[in-house]
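For reference, protein.txt (compact mmCIF, C-alpha atoms):
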```txt
# COMPACT_ATOMS: atom_id res chain seq x y z
CA MET A 1 32.27 -3.08 -20.66
CA LYS A 2 31.55 -6.04 -18.37
CA LYS A 3 32.84 -4.03 -15.40
CA VAL A 4 30.47 -1.15 -16.17
CA ALA A 5 27.50 -3.54 -16.50
CA LEU A 6 28.41 -5.21 -13.19
CA ILE A 7 28.69 -1.85 -11.40
CA ILE A 8 25.29 -0.76 -12.78
CA LEU A 9 23.75 -4.08 -11.67
CA VAL A 10 25.18 -3.71 -8.15
CA ILE A 11 23.82 -0.14 -7.93
CA LEU A 12 20.36 -1.20 -9.13
CA VAL A 13 20.17 -4.13 -6.70
CA GLY A 14 21.36 -1.89 -3.87
CA CYS A 15 18.74 0.75 -4.64
CA THR A 16 15.94 -1.82 -4.75
CA THR A 17 16.96 -3.19 -1.36
CA LEU A 18 17.03 0.27 0.17
CA GLU A 19 13.58 1.04 -1.22
CA ASP A 20 12.12 -2.21 0.16
CA ASP A 21 13.78 -1.60 3.54
CA ALA A 22 12.01 1.77 3.80
CA PHE A 23 8.66 -0.06 4.00
CA GLN A 24 9.62 -2.48 6.78
CA GLY A 25 7.66 -2.46 10.04
CA LYS A 26 4.17 -1.60 11.19
CA TRP A 27 2.39 1.46 9.79
CA LYS A 28 -0.93 3.05 10.73
CA ALA A 29 -3.16 3.24 7.66
CA LYS A 30 -5.99 5.57 6.68
CA TRP A 31 -8.10 4.89 3.59
CA THR A 32 -9.95 7.86 2.08
CA THR A 33 -12.02 8.58 -0.98
CA ASP A 34 -13.81 11.67 -2.25
CA PRO A 35 -17.54 11.62 -1.40
CA ALA A 36 -18.35 13.88 -4.37
CA GLY A 37 -19.20 10.94 -6.65
CA TYR A 38 -21.76 9.39 -4.31
CA GLY A 39 -24.63 11.87 -4.60
CA GLU A 40 -27.29 11.51 -1.90
CA LEU A 41 -25.31 8.73 -0.18
CA THR A 42 -22.78 11.35 0.94
CA ASN A 43 -24.88 12.07 4.04
CA GLU A 44 -25.31 8.37 4.89
CA LEU A 45 -21.79 7.02 4.42
CA LYS A 46 -18.37 7.66 5.93
CA PHE A 47 -15.46 8.01 3.53
CA GLU A 48 -12.50 7.17 5.80
CA MET A 49 -11.32 3.95 7.39
CA ASP A 50 -8.40 3.20 9.73
CA GLY A 51 -6.21 0.14 9.78
CA SER A 52 -2.59 -0.98 9.56
CA PHE A 53 0.00 -2.29 7.12
CA ASN A 54 2.64 -4.57 8.69
CA PHE A 55 5.52 -5.12 6.24
CA ASP A 56 7.72 -8.12 6.92
CA GLU A 57 10.62 -9.21 4.70
CA ASP A 58 8.38 -10.54 1.92
CA GLU A 59 4.91 -10.62 3.50
CA LEU A 60 2.49 -7.80 4.20
CA THR A 61 -0.42 -8.12 6.62
CA ILE A 62 -3.17 -5.55 6.14
CA ALA A 63 -5.79 -4.92 8.80
CA ALA A 64 -8.79 -2.77 7.84
CA TYR A 65 -11.08 -1.60 10.62
CA GLY A 66 -14.43 -1.25 8.88
CA TYR A 67 -17.62 -0.15 10.63
CA ASP A 68 -21.31 0.38 9.90
CA GLY A 69 -21.73 3.11 7.30
CA CYS A 70 -18.13 2.88 6.04
CA ILE A 71 -17.87 3.04 2.24
CA PHE A 72 -14.96 0.55 2.27
CA TYR A 73 -16.05 -2.25 4.65
CA SER A 74 -18.55 -2.81 7.42
CA ASP A 75 -16.35 -5.20 9.42
CA THR A 76 -12.71 -5.73 10.37
CA LEU A 77 -10.67 -7.56 7.74
CA MET A 78 -7.17 -8.98 7.97
CA HIS A 79 -5.23 -10.44 5.05
CA SER A 80 -1.59 -11.36 4.35
CA GLN A 81 0.02 -11.19 0.92
CA PHE A 82 3.43 -11.13 -0.70
CA TRP A 83 4.68 -7.67 -1.63
CA LYS A 84 7.34 -5.95 -3.68
CA ALA A 85 8.16 -2.32 -4.39
CA SER A 86 9.67 -1.12 -7.63
CA GLY A 87 9.94 2.47 -8.80
CA ASP A 88 6.63 4.17 -8.05
CA THR A 89 4.68 0.92 -7.61
CA LEU A 90 3.85 -1.24 -4.61
CA GLU A 91 2.50 -4.59 -5.78
CA LEU A 92 0.60 -7.00 -3.54
CA GLN A 93 0.37 -10.62 -4.66
CA ASN A 94 -1.43 -13.70 -3.35
CA SER A 95 1.34 -15.78 -4.96
CA PRO A 96 4.77 -14.53 -6.14
CA GLU A 97 4.18 -16.05 -9.59
CA GLU A 98 0.87 -14.27 -10.20
CA PRO A 99 0.19 -10.61 -10.97
CA GLY A 100 -1.33 -8.71 -8.09
CA ILE A 101 -2.89 -5.43 -7.08
CA GLN A 102 -0.78 -2.38 -7.85
CA TYR A 103 -0.72 0.74 -5.73
CA LYS A 104 0.92 3.89 -7.04
CA ILE A 105 3.42 5.34 -4.57
CA LEU A 106 2.59 9.06 -4.59
CA SER A 107 5.21 10.04 -1.99
CA GLN A 108 7.46 8.38 0.55
CA THR A 109 9.42 9.61 3.56
CA ASN A 110 10.73 7.80 6.64
CA ASN A 111 7.46 8.51 8.51
CA GLU A 112 4.79 8.69 5.79
CA ILE A 113 3.90 6.86 2.60
CA LYS A 114 1.03 7.99 0.37
CA LEU A 115 -0.50 5.38 -1.93
CA GLN A 116 -3.21 5.45 -4.57
CA LEU A 117 -5.39 2.49 -5.56
CA VAL A 118 -7.41 3.01 -8.73
CA GLU A 119 -8.31 6.62 -9.41
CA ASP A 120 -10.10 7.58 -6.22
CA ILE A 121 -8.89 5.50 -3.27
CA PHE A 122 -5.98 6.88 -1.27
CA ILE A 123 -4.11 5.23 1.59
CA THR A 124 -1.82 7.21 3.89
CA LEU A 125 0.64 5.17 5.98
CA THR A 126 2.27 6.77 9.01
CA LYS A 127 4.75 5.49 11.59
```
Would you mind giving the structure from this file in structure tokens?
Amino acid sequence: MKKVALIILVILVGCTTLEDDAFQGKWKAKWTTDPAGYGELTNELKFEMDGSFNFDEDELTIAAYGYDGCIFYSDTLMHSQFWKASGDTLELQNSPEEPGIQYKILSQTNNEIKLQLVEDIFITLTK
């Protein structure tokens, strides 16, 4: 019984490491949201923003290239946080001991990761 539990633990740890390794490196990012919920503002605002996600071993640096009229930001922002991936969730944390922001991982390949933040913000990462 102990052998079986040890084998399962080794498999689970190995799978988690492989999943985290798949994120490593610098990715181009594109934030999008559906303009349908913004009524008359649809003609005045832009609903896409470019940026990057740079995954290091345990730190993620996000750059968001906002601009005038962008629904997300009007300026460039850069922020580093801790990160971890588990199952279908990517969690970003200011401190490893505190809960953070959770992104749902919609799909993941070697060259593209699709994330969802809340119900209507989508981020596509590409290599």
For Gly37 of chain A, list every protein, DNA or RNA residue within 12 Å, evaluated using only C-alpha atoms, and leave out those in the same chain fewer than 6 positions away; present the list as a tab-separated table (two decimals) with C-alpha atoms, keeping the file's coordinate frame.
```tsv
chain	number	residue	atom	x	y	z
A	47	PHE	CA	-15.46	8.01	3.53
A	71	ILE	CA	-17.87	3.04	2.24
A	120	ASP	CA	-10.10	7.58	-6.22
```
* To do: Starting from the point (11.1, 4.6, 7.2), work out which residues of protein, DNA or RNA have an atom no more than 12 Å away when counting all atoms listed in the file; state them as number ranges by chain.
  => A: 18-27, 55, 108-113, 125-127
- Message: I'd like the neighbourhood of Ile62 of chain A as a list in words, where a residue qualifies if any of its atoms comes within 9 Å (using only C-alpha atoms), though same-chain residues fewer than 6 positions away should be ignored.
- Response: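 Non-adjacent residues within range: Ala29, Gly51, Ser52, Phe53, Asn54, Phe55, Leu77, Met78, His79, Ser80 and Gln81 of chain A.
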key: Surrounding residues of Lys46 of chain A excluding itself and chain neighbours under 5 positions, 9 Å, all atoms listed in the file, as a PyMOL selection string   = chain A and resi 35+68-72
Students should find that atom CA of Ser74 of chain A and atom CA of Leu45 of chain A are spaced 10.8 Å
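Using all atoms listed in the file, the smallest distance between any of A:Gly66, A:Asn43, A:Phe82, A:Gly87 and Gly100 of chain A comes from A:Phe82.
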* Asked: How many Å separate atom CA of Ile105 of chain A from atom CA of Ile123 of chain A?
  ->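 Computing it gives 9.7 Å between the two atoms.
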(message) Need the shell around segment 115-119 of chain A: protein/DNA/RNA residues with any atom at most 12 Å away, counting only C-alpha atoms. Skip same-chain ones fewer than 4 positions apart. Format as a list in words?
(response)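 Selected residues are Ala29, Lys30, Trp31, Thr32, Thr33, Asp34, Phe53, Ala85, Asp88, Thr89, Leu90, Glu91, Leu92, Ile101, Gln102, Tyr103, Lys104, Ile105, Leu106, Ser107, Gln108, Ile123, Thr124, Leu125 and Thr126 of chain A.
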query = How many Å separate atom CA of Ile121 of chain A from atom CA of Ala36 of chain A?
reply =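 Interatomic distance here is 12.7 Å.
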